[in-house]
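Colleague: Provided below: query_39.cif, containing mmCIF, N, CA and C atoms.
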```
data_input
#
loop_
_atom_site.label_atom_id
_atom_site.label_comp_id
_atom_site.auth_asym_id
_atom_site.auth_seq_id
_atom_site.Cartn_x
_atom_site.Cartn_y
_atom_site.Cartn_z
N MET M 1 115.27 155.46 106.62
CA MET M 1 115.51 154.43 105.66
C MET M 1 115.82 153.10 106.35
N ALA M 2 116.64 153.16 107.40
CA ALA M 2 117.00 151.95 108.14
C ALA M 2 115.78 151.34 108.80
N THR M 3 114.86 152.18 109.30
CA THR M 3 113.64 151.69 109.94
C THR M 3 112.76 150.96 108.93
N THR M 4 112.64 151.49 107.72
CA THR M 4 111.83 150.87 106.68
C THR M 4 112.41 149.51 106.30
N THR M 5 113.71 149.43 106.15
CA THR M 5 114.37 148.16 105.82
C THR M 5 114.17 147.14 106.93
N LEU M 6 114.28 147.58 108.17
CA LEU M 6 114.08 146.71 109.32
C LEU M 6 112.64 146.19 109.36
N GLN M 7 111.66 147.08 109.11
CA GLN M 7 110.25 146.68 109.10
C GLN M 7 109.99 145.68 107.97
N ARG M 8 110.58 145.93 106.82
CA ARG M 8 110.41 145.04 105.68
C ARG M 8 111.00 143.66 106.00
N THR M 9 112.17 143.65 106.63
CA THR M 9 112.82 142.39 107.01
C THR M 9 111.95 141.62 108.01
N HIS M 10 111.42 142.34 109.02
CA HIS M 10 110.53 141.69 109.99
C HIS M 10 109.29 141.15 109.31
N SER M 11 108.72 141.89 108.38
CA SER M 11 107.52 141.45 107.66
C SER M 11 107.82 140.18 106.86
N LEU M 12 108.96 140.16 106.19
CA LEU M 12 109.34 138.97 105.41
C LEU M 12 109.58 137.76 106.31
N LEU M 13 110.24 138.00 107.44
CA LEU M 13 110.48 136.89 108.38
C LEU M 13 109.16 136.36 108.95
N LEU M 14 108.24 137.25 109.26
CA LEU M 14 106.93 136.84 109.76
C LEU M 14 106.17 136.04 108.71
N LEU M 15 106.21 136.51 107.46
CA LEU M 15 105.55 135.80 106.36
C LEU M 15 106.17 134.42 106.18
N LEU M 16 107.49 134.33 106.25
CA LEU M 16 108.18 133.06 106.13
C LEU M 16 107.79 132.11 107.26
N LEU M 17 107.76 132.62 108.47
CA LEU M 17 107.37 131.82 109.62
C LEU M 17 105.94 131.30 109.47
N LEU M 18 105.02 132.16 109.08
CA LEU M 18 103.62 131.74 108.89
C LEU M 18 103.50 130.70 107.79
N THR M 19 104.27 130.88 106.73
CA THR M 19 104.25 129.90 105.63
C THR M 19 104.73 128.54 106.12
N LEU M 20 105.84 128.54 106.86
CA LEU M 20 106.36 127.28 107.39
C LEU M 20 105.39 126.62 108.36
N LEU M 21 104.76 127.41 109.20
CA LEU M 21 103.75 126.87 110.11
C LEU M 21 102.58 126.28 109.34
N GLY M 22 102.15 126.99 108.32
CA GLY M 22 101.04 126.51 107.49
C GLY M 22 101.38 125.20 106.82
N LEU M 23 102.59 125.08 106.30
CA LEU M 23 103.01 123.83 105.68
C LEU M 23 103.06 122.71 106.70
N GLY M 24 103.45 123.02 107.91
CA GLY M 24 103.51 122.02 108.97
C GLY M 24 102.14 121.49 109.34
N LEU M 25 101.10 122.29 109.17
CA LEU M 25 99.76 121.85 109.52
C LEU M 25 99.23 120.80 108.57
N VAL M 26 99.69 120.76 107.34
CA VAL M 26 99.18 119.77 106.40
C VAL M 26 100.03 118.50 106.39
N GLN M 27 101.13 118.48 107.12
CA GLN M 27 101.95 117.29 107.20
C GLN M 27 101.40 116.39 108.31
N PRO M 28 101.53 115.07 108.13
CA PRO M 28 101.07 114.17 109.20
C PRO M 28 101.88 114.42 110.46
N SER M 29 101.21 114.27 111.60
CA SER M 29 101.92 114.38 112.87
C SER M 29 102.87 113.19 113.00
N TYR M 30 103.81 113.27 113.93
CA TYR M 30 104.76 112.17 114.11
C TYR M 30 104.03 110.87 114.41
N GLY M 31 103.04 110.92 115.32
CA GLY M 31 102.29 109.72 115.69
C GLY M 31 101.54 109.14 114.51
N GLN M 32 100.89 110.00 113.74
CA GLN M 32 100.15 109.54 112.57
C GLN M 32 101.11 108.96 111.55
N SER M 33 102.24 109.63 111.33
CA SER M 33 103.21 109.16 110.36
C SER M 33 103.73 107.77 110.75
N TYR M 34 104.01 107.56 112.04
CA TYR M 34 104.46 106.26 112.52
C TYR M 34 103.39 105.21 112.28
N MET M 35 102.14 105.52 112.62
CA MET M 35 101.05 104.56 112.46
C MET M 35 100.79 104.26 110.98
N TYR M 36 100.90 105.26 110.13
CA TYR M 36 100.73 105.07 108.69
C TYR M 36 101.83 104.17 108.14
N GLN M 37 103.09 104.44 108.53
CA GLN M 37 104.20 103.62 108.07
C GLN M 37 104.05 102.17 108.57
N ARG M 38 103.57 102.01 109.79
CA ARG M 38 103.34 100.68 110.35
C ARG M 38 102.24 99.96 109.56
N PHE M 39 101.16 100.69 109.22
CA PHE M 39 100.08 100.13 108.41
C PHE M 39 100.64 99.66 107.07
N LEU M 40 101.45 100.49 106.42
CA LEU M 40 102.03 100.12 105.12
C LEU M 40 102.89 98.87 105.26
N ARG M 41 103.72 98.80 106.30
CA ARG M 41 104.61 97.65 106.49
C ARG M 41 103.81 96.37 106.72
N GLN M 42 102.77 96.46 107.52
CA GLN M 42 102.02 95.25 107.88
C GLN M 42 100.98 94.82 106.85
N HIS M 43 100.47 95.76 106.04
CA HIS M 43 99.29 95.40 105.25
C HIS M 43 99.33 95.72 103.76
N VAL M 44 100.38 96.36 103.25
CA VAL M 44 100.34 96.77 101.85
C VAL M 44 101.45 96.10 101.06
N ASP M 45 101.07 95.46 99.95
CA ASP M 45 102.02 94.89 99.00
C ASP M 45 101.41 94.99 97.60
N PRO M 46 101.61 96.15 96.95
CA PRO M 46 101.00 96.35 95.63
C PRO M 46 101.70 95.59 94.51
N SER M 47 102.83 94.93 94.78
CA SER M 47 103.61 94.30 93.72
C SER M 47 103.03 92.98 93.20
N VAL M 48 102.09 92.41 93.92
CA VAL M 48 101.46 91.15 93.48
C VAL M 48 99.95 91.30 93.52
N SER M 49 99.24 90.37 92.88
CA SER M 49 97.79 90.45 92.89
C SER M 49 97.16 89.47 93.86
N GLY M 50 97.95 88.55 94.38
CA GLY M 50 97.45 87.58 95.35
C GLY M 50 98.57 86.62 95.69
N GLY M 51 98.43 85.96 96.84
CA GLY M 51 99.52 85.10 97.27
C GLY M 51 99.06 83.71 97.66
N ASN M 52 100.05 82.81 97.79
CA ASN M 52 99.80 81.45 98.23
C ASN M 52 100.46 81.25 99.60
N ASP M 53 100.49 80.00 100.09
CA ASP M 53 101.07 79.73 101.41
C ASP M 53 102.52 80.21 101.49
N GLY M 54 103.31 79.94 100.45
CA GLY M 54 104.70 80.36 100.43
C GLY M 54 104.84 81.87 100.52
N TYR M 55 103.95 82.58 99.83
CA TYR M 55 103.94 84.05 99.88
C TYR M 55 103.74 84.51 101.33
N CYS M 56 102.76 83.94 102.01
CA CYS M 56 102.49 84.32 103.39
C CYS M 56 103.68 84.02 104.29
N ASN M 57 104.28 82.85 104.14
CA ASN M 57 105.44 82.48 104.96
C ASN M 57 106.57 83.49 104.80
N VAL M 58 106.86 83.87 103.57
CA VAL M 58 107.95 84.81 103.30
C VAL M 58 107.59 86.22 103.78
N MET M 59 106.39 86.68 103.44
CA MET M 59 106.02 88.06 103.77
C MET M 59 105.87 88.29 105.27
N MET M 60 105.32 87.33 105.99
CA MET M 60 105.19 87.50 107.44
C MET M 60 106.56 87.59 108.09
N GLN M 61 107.52 86.83 107.58
CA GLN M 61 108.89 86.92 108.10
C GLN M 61 109.54 88.23 107.66
N ARG M 62 109.43 88.55 106.38
CA ARG M 62 110.07 89.76 105.84
C ARG M 62 109.53 91.02 106.51
N ARG M 63 108.24 91.04 106.82
CA ARG M 63 107.62 92.21 107.42
C ARG M 63 107.66 92.18 108.95
N LYS M 64 108.42 91.22 109.50
CA LYS M 64 108.71 91.14 110.94
C LYS M 64 107.46 90.94 111.81
N MET M 65 106.66 89.94 111.42
CA MET M 65 105.45 89.65 112.19
C MET M 65 105.47 88.23 112.75
N ILE M 66 106.67 87.72 113.01
CA ILE M 66 106.78 86.36 113.54
C ILE M 66 107.51 86.30 114.87
N ARG M 67 107.88 87.46 115.42
CA ARG M 67 108.58 87.49 116.70
C ARG M 67 107.97 88.52 117.61
N PRO M 68 107.82 88.28 118.88
CA PRO M 68 108.28 87.12 119.63
C PRO M 68 107.40 85.88 119.42
N VAL M 69 106.20 86.07 118.88
CA VAL M 69 105.33 84.93 118.56
C VAL M 69 104.80 85.11 117.15
N CYS M 70 104.29 84.04 116.58
CA CYS M 70 103.70 84.10 115.25
C CYS M 70 102.41 84.93 115.31
N LYS M 71 102.30 85.95 114.49
CA LYS M 71 101.05 86.70 114.42
C LYS M 71 100.00 85.76 113.85
N GLN M 72 98.85 85.68 114.52
CA GLN M 72 97.82 84.70 114.18
C GLN M 72 97.19 84.92 112.82
N PHE M 73 96.98 86.20 112.46
CA PHE M 73 96.25 86.51 111.23
C PHE M 73 96.70 87.87 110.71
N ASN M 74 96.89 87.96 109.41
CA ASN M 74 97.24 89.24 108.81
C ASN M 74 96.72 89.28 107.38
N THR M 75 96.36 90.48 106.95
CA THR M 75 95.88 90.69 105.59
C THR M 75 96.82 91.62 104.86
N PHE M 76 97.23 91.21 103.64
CA PHE M 76 98.00 92.06 102.75
C PHE M 76 97.08 92.57 101.65
N ILE M 77 97.10 93.87 101.42
CA ILE M 77 96.29 94.50 100.39
C ILE M 77 97.15 94.67 99.15
N HIS M 78 96.64 94.21 98.01
CA HIS M 78 97.38 94.27 96.75
C HIS M 78 96.79 95.35 95.85
N GLU M 79 96.94 96.57 96.25
CA GLU M 79 96.45 97.73 95.49
C GLU M 79 97.49 98.83 95.56
N ASP M 80 97.42 99.73 94.62
CA ASP M 80 98.26 100.93 94.63
C ASP M 80 97.95 101.73 95.89
N ILE M 81 98.99 102.32 96.49
CA ILE M 81 98.79 103.06 97.74
C ILE M 81 97.79 104.19 97.57
N GLY M 82 97.72 104.80 96.40
CA GLY M 82 96.72 105.85 96.15
C GLY M 82 95.31 105.31 96.28
N ASN M 83 95.07 104.11 95.77
CA ASN M 83 93.75 103.48 95.88
C ASN M 83 93.41 103.19 97.34
N ILE M 84 94.41 102.73 98.08
CA ILE M 84 94.18 102.43 99.50
C ILE M 84 93.90 103.71 100.27
N ASN M 85 94.71 104.74 100.05
CA ASN M 85 94.49 106.03 100.73
C ASN M 85 93.12 106.60 100.41
N SER M 86 92.63 106.38 99.19
CA SER M 86 91.33 106.94 98.80
C SER M 86 90.17 106.32 99.57
N ILE M 87 90.38 105.16 100.17
CA ILE M 87 89.33 104.55 101.00
C ILE M 87 89.00 105.49 102.16
N CYS M 88 89.99 106.24 102.62
CA CYS M 88 89.78 107.16 103.74
C CYS M 88 88.81 108.29 103.40
N SER M 89 88.53 108.50 102.12
CA SER M 89 87.60 109.57 101.74
C SER M 89 86.18 109.06 101.56
N THR M 90 85.94 107.77 101.83
CA THR M 90 84.58 107.24 101.79
C THR M 90 83.87 107.56 103.11
N ALA M 91 82.59 107.28 103.16
CA ALA M 91 81.80 107.59 104.35
C ALA M 91 82.34 106.88 105.60
N ASN M 92 82.28 107.58 106.73
CA ASN M 92 82.70 106.98 108.00
C ASN M 92 81.73 105.89 108.41
N ILE M 93 82.29 104.81 108.95
CA ILE M 93 81.49 103.75 109.55
C ILE M 93 82.11 103.40 110.89
N GLN M 94 81.39 102.63 111.67
CA GLN M 94 81.86 102.28 113.01
C GLN M 94 82.91 101.19 112.95
N CYS M 95 84.00 101.39 113.70
CA CYS M 95 85.07 100.38 113.84
C CYS M 95 84.64 99.33 114.86
N LYS M 96 85.38 98.22 114.92
CA LYS M 96 85.10 97.18 115.92
C LYS M 96 85.15 97.72 117.34
N ASN M 97 86.02 98.72 117.58
CA ASN M 97 86.16 99.27 118.94
C ASN M 97 85.15 100.36 119.25
N GLY M 98 84.23 100.65 118.31
CA GLY M 98 83.20 101.65 118.54
C GLY M 98 83.52 103.02 117.99
N SER M 99 84.78 103.28 117.64
CA SER M 99 85.15 104.58 117.06
C SER M 99 84.47 104.74 115.70
N MET M 100 84.33 106.00 115.29
CA MET M 100 83.67 106.27 114.01
C MET M 100 84.64 106.75 112.94
N ASN M 101 85.90 106.31 113.01
CA ASN M 101 86.88 106.75 112.01
C ASN M 101 87.26 105.65 111.03
N CYS M 102 86.37 104.68 110.83
CA CYS M 102 86.63 103.60 109.88
C CYS M 102 85.95 103.89 108.55
N HIS M 103 86.49 103.27 107.51
CA HIS M 103 86.02 103.44 106.14
C HIS M 103 86.15 102.08 105.46
N GLN M 104 85.31 101.85 104.43
CA GLN M 104 85.37 100.55 103.77
C GLN M 104 85.57 100.70 102.27
N GLY M 105 86.18 99.68 101.69
CA GLY M 105 86.40 99.63 100.26
C GLY M 105 86.62 98.18 99.85
N VAL M 106 86.55 97.94 98.54
CA VAL M 106 86.75 96.60 98.01
C VAL M 106 88.12 96.56 97.33
N VAL M 107 88.95 95.61 97.75
CA VAL M 107 90.33 95.52 97.26
C VAL M 107 90.74 94.06 97.09
N LYS M 108 91.85 93.84 96.37
CA LYS M 108 92.45 92.51 96.26
C LYS M 108 93.31 92.28 97.49
N VAL M 109 93.16 91.12 98.12
CA VAL M 109 93.90 90.83 99.36
C VAL M 109 94.42 89.41 99.37
N THR M 110 95.38 89.18 100.25
CA THR M 110 95.76 87.83 100.66
C THR M 110 95.67 87.80 102.17
N ASP M 111 94.82 86.91 102.69
CA ASP M 111 94.70 86.70 104.13
C ASP M 111 95.65 85.57 104.50
N CYS M 112 96.48 85.82 105.51
CA CYS M 112 97.45 84.83 105.99
C CYS M 112 97.06 84.41 107.40
N LYS M 113 96.79 83.12 107.57
CA LYS M 113 96.40 82.59 108.88
C LYS M 113 97.42 81.56 109.31
N VAL M 114 97.90 81.72 110.56
CA VAL M 114 98.91 80.79 111.06
C VAL M 114 98.34 79.38 111.06
N SER M 115 99.16 78.40 110.68
CA SER M 115 98.66 77.02 110.58
C SER M 115 99.11 76.20 111.78
N GLY M 116 98.18 75.45 112.30
CA GLY M 116 98.44 74.48 113.35
C GLY M 116 99.25 74.97 114.52
N SER M 117 100.29 74.23 114.82
CA SER M 117 101.08 74.51 116.01
C SER M 117 102.40 75.21 115.67
N SER M 118 102.37 76.13 114.72
CA SER M 118 103.58 76.88 114.36
C SER M 118 104.16 77.58 115.58
N ARG M 119 105.46 77.55 115.67
CA ARG M 119 106.17 78.24 116.76
C ARG M 119 107.21 79.17 116.14
N SER M 120 107.33 80.36 116.71
CA SER M 120 108.33 81.32 116.25
C SER M 120 109.72 80.74 116.49
N PRO M 121 110.64 80.89 115.60
CA PRO M 121 110.61 81.70 114.39
C PRO M 121 110.19 80.93 113.14
N ASN M 122 109.75 79.68 113.29
CA ASN M 122 109.36 78.86 112.14
C ASN M 122 107.85 78.89 111.91
N CYS M 123 107.31 80.07 111.76
CA CYS M 123 105.86 80.23 111.58
C CYS M 123 105.47 79.77 110.18
N ARG M 124 104.36 79.07 110.09
CA ARG M 124 103.83 78.60 108.81
C ARG M 124 102.40 79.12 108.67
N TYR M 125 102.07 79.55 107.45
CA TYR M 125 100.78 80.20 107.21
C TYR M 125 100.04 79.56 106.06
N ARG M 126 98.71 79.64 106.14
CA ARG M 126 97.81 79.25 105.06
C ARG M 126 97.31 80.54 104.43
N ALA M 127 97.24 80.57 103.12
CA ALA M 127 96.85 81.79 102.40
C ALA M 127 95.47 81.63 101.76
N LEU M 128 94.77 82.75 101.69
CA LEU M 128 93.52 82.81 100.94
C LEU M 128 93.51 84.14 100.19
N ALA M 129 93.65 84.06 98.87
CA ALA M 129 93.64 85.27 98.04
C ALA M 129 92.21 85.50 97.54
N SER M 130 91.78 86.78 97.59
CA SER M 130 90.42 87.11 97.14
C SER M 130 90.31 88.60 96.89
N THR M 131 89.18 88.99 96.37
CA THR M 131 88.80 90.39 96.30
C THR M 131 87.63 90.54 97.23
N ARG M 132 87.77 91.41 98.23
CA ARG M 132 86.72 91.52 99.24
C ARG M 132 86.67 92.91 99.85
N ARG M 133 85.63 93.13 100.65
CA ARG M 133 85.46 94.39 101.37
C ARG M 133 86.38 94.38 102.58
N VAL M 134 87.09 95.48 102.77
CA VAL M 134 87.92 95.66 103.96
C VAL M 134 87.49 96.93 104.67
N VAL M 135 87.80 97.00 105.95
CA VAL M 135 87.51 98.18 106.76
C VAL M 135 88.82 98.64 107.39
N ILE M 136 89.15 99.90 107.18
CA ILE M 136 90.38 100.46 107.74
C ILE M 136 90.06 101.73 108.52
N ALA M 137 90.83 101.97 109.57
CA ALA M 137 90.71 103.20 110.36
C ALA M 137 91.67 104.22 109.77
N CYS M 138 91.20 105.47 109.69
CA CYS M 138 92.00 106.56 109.14
C CYS M 138 92.06 107.70 110.14
N GLU M 139 93.19 108.42 110.14
CA GLU M 139 93.37 109.56 111.04
C GLU M 139 94.18 110.64 110.35
N GLY M 140 94.09 111.85 110.90
CA GLY M 140 94.95 112.94 110.48
C GLY M 140 94.35 113.85 109.43
N THR M 141 95.16 114.83 109.04
CA THR M 141 94.82 115.77 107.99
C THR M 141 96.03 115.87 107.08
N PRO M 142 95.99 115.30 105.91
CA PRO M 142 94.87 114.55 105.33
C PRO M 142 94.72 113.18 106.00
N GLU M 143 93.52 112.64 105.91
CA GLU M 143 93.27 111.33 106.51
C GLU M 143 94.08 110.26 105.78
N LEU M 144 94.76 109.43 106.56
CA LEU M 144 95.55 108.33 106.04
C LEU M 144 95.23 107.05 106.83
N PRO M 145 95.35 105.88 106.19
CA PRO M 145 95.07 104.64 106.93
C PRO M 145 96.11 104.38 108.01
N VAL M 146 95.64 104.02 109.19
CA VAL M 146 96.53 103.76 110.31
C VAL M 146 96.26 102.41 110.99
N HIS M 147 95.15 101.74 110.63
CA HIS M 147 94.81 100.48 111.29
C HIS M 147 93.92 99.66 110.37
N PHE M 148 94.22 98.36 110.26
CA PHE M 148 93.36 97.43 109.52
C PHE M 148 92.35 96.89 110.50
N ASP M 149 91.08 97.22 110.32
CA ASP M 149 90.05 96.85 111.30
C ASP M 149 89.46 95.46 111.01
N ARG M 150 89.13 95.23 109.76
CA ARG M 150 88.58 93.91 109.37
C ARG M 150 88.50 93.78 107.87
#
```
Re-express the file's structure as structure tokens.
Modeller:
Amino acid sequence: MATTTLQRTHSLLLLLLLTLLGLGLVQPSYGQSYMYQRFLRQHVDPSVSGGNDGYCNVMMQRRKMIRPVCKQFNTFIHEDIGNINSICSTANIQCKNGSMNCHQGVVKVTDCKVSGSSRSPNCRYRALASTRRVVIACEGTPELPVHFDR
């Protein structure tokens, strides 16, 4: 009787271990999770539909892209994160660096370009709001955006 209980306990522990391992396989890796969170911080703002110069000035500072130097150019995507993530399920295309893990979609954006001779920490930006095609790199299982390509 004790042997049967011990075997049953081992079987349950093995099943639990396999289940936990299986769940771990569908979670983003640490590196992917970091890159995804960085992508969200630098490029996603679903709360507005487009921005002006003041929007760019505030968001570039708030999202910490003005130190140690003013980031020259950045794009904010104004879509629900589900819509952005779904771009990763479109056909693969070539990235600027030659990799084949890029995908494209049409979204609402604000492009922020540093103006003139701005110096950190007083960076000033010009904004251009539009709806246009963007290309993002995706990685992982499930695939998630990790880099804004163009």
Colleague: Taking (97.4, 86.1, 104.7) in the coordinates of the supplied file, I want to know which residues reach to within 7 Å of it, counting all atoms listed in the file; could you give the answer as an MDAnalysis selection string?
Modeller: chainID M and resid 56 73:76 109:113 126:128
Colleague: I'd like the interatomic distance between CA of Arg67 (chain M) and CA of Ser117 (chain M), to a tenth of an Å.
Modeller: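 Answer for the CA of Arg67 (chain M) to CA of Ser117 (chain M) separation: 15.0 Å.
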Colleague: Could you give me, as a list in words, the residues within 8 Å of Lys96 (chain M), counting all atoms listed in the file and dropping anything in the same chain fewer than 3 positions from it?
Modeller: Ile93, Ser99, Met100, Cys102, Asp149 and Arg150 of chain M
Colleague: Just to be explicit: take each residue in the selection above, keep N, CA and C atoms, and write the result as a PDB file, in the frame of the given file.
Modeller:
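Dumped to selection_36.pdb:
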```pdb
ATOM      1  N   ILE M  93      82.290 104.810 108.950  1.00  0.00           N
ATOM      2  CA  ILE M  93      81.490 103.750 109.550  1.00  0.00           C
ATOM      3  C   ILE M  93      82.110 103.400 110.890  1.00  0.00           C
ATOM      4  N   SER M  99      84.780 103.280 117.640  1.00  0.00           N
ATOM      5  CA  SER M  99      85.150 104.580 117.060  1.00  0.00           C
ATOM      6  C   SER M  99      84.470 104.740 115.700  1.00  0.00           C
ATOM      7  N   MET M 100      84.330 106.000 115.290  1.00  0.00           N
ATOM      8  CA  MET M 100      83.670 106.270 114.010  1.00  0.00           C
ATOM      9  C   MET M 100      84.640 106.750 112.940  1.00  0.00           C
ATOM     10  N   CYS M 102      86.370 104.680 110.830  1.00  0.00           N
ATOM     11  CA  CYS M 102      86.630 103.600 109.880  1.00  0.00           C
ATOM     12  C   CYS M 102      85.950 103.890 108.550  1.00  0.00           C
ATOM     13  N   ASP M 149      91.080  97.220 110.320  1.00  0.00           N
ATOM     14  CA  ASP M 149      90.050  96.850 111.300  1.00  0.00           C
ATOM     15  C   ASP M 149      89.460  95.460 111.010  1.00  0.00           C
ATOM     16  N   ARG M 150      89.130  95.230 109.760  1.00  0.00           N
ATOM     17  CA  ARG M 150      88.580  93.910 109.370  1.00  0.00           C
ATOM     18  C   ARG M 150      88.500  93.780 107.870  1.00  0.00           C
TER      19      ARG M 150
END
```
Colleague: Kindly give the distance, in Å, that separates CA of Ser47 (chain M) and atom C of Ile81 (chain M), rounded to a single decimal.
Modeller: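 Pair CA of Ser47 (chain M) / atom C of Ile81 (chain M) returns 12.1 Å.
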Colleague: Between atom N of Glu79 (chain M) and atom C of Lys108 (chain M), what is the spacing in Å?
Modeller: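 Here the two named atoms are 5.8 Å from each other.
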Colleague: Could you tell me which residues the PyMOL selection byres ((chain M and resi 86-91) around 6) grabs in this file, written as an NGL selection string?
Modeller: :M and (81-85 or 92-93 or 102-105 or 138 or 143)
Colleague: With distances taken over all atoms listed in the file, which of M:Ser130, M:Pro145, M:Val69, M:Asn57 is nearest to Ser118 (chain M)?
Modeller: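 Of M:Ser130, M:Pro145, M:Val69, M:Asn57, the one nearest Ser118 (chain M), counting all atoms listed in the file, is M:Val69.
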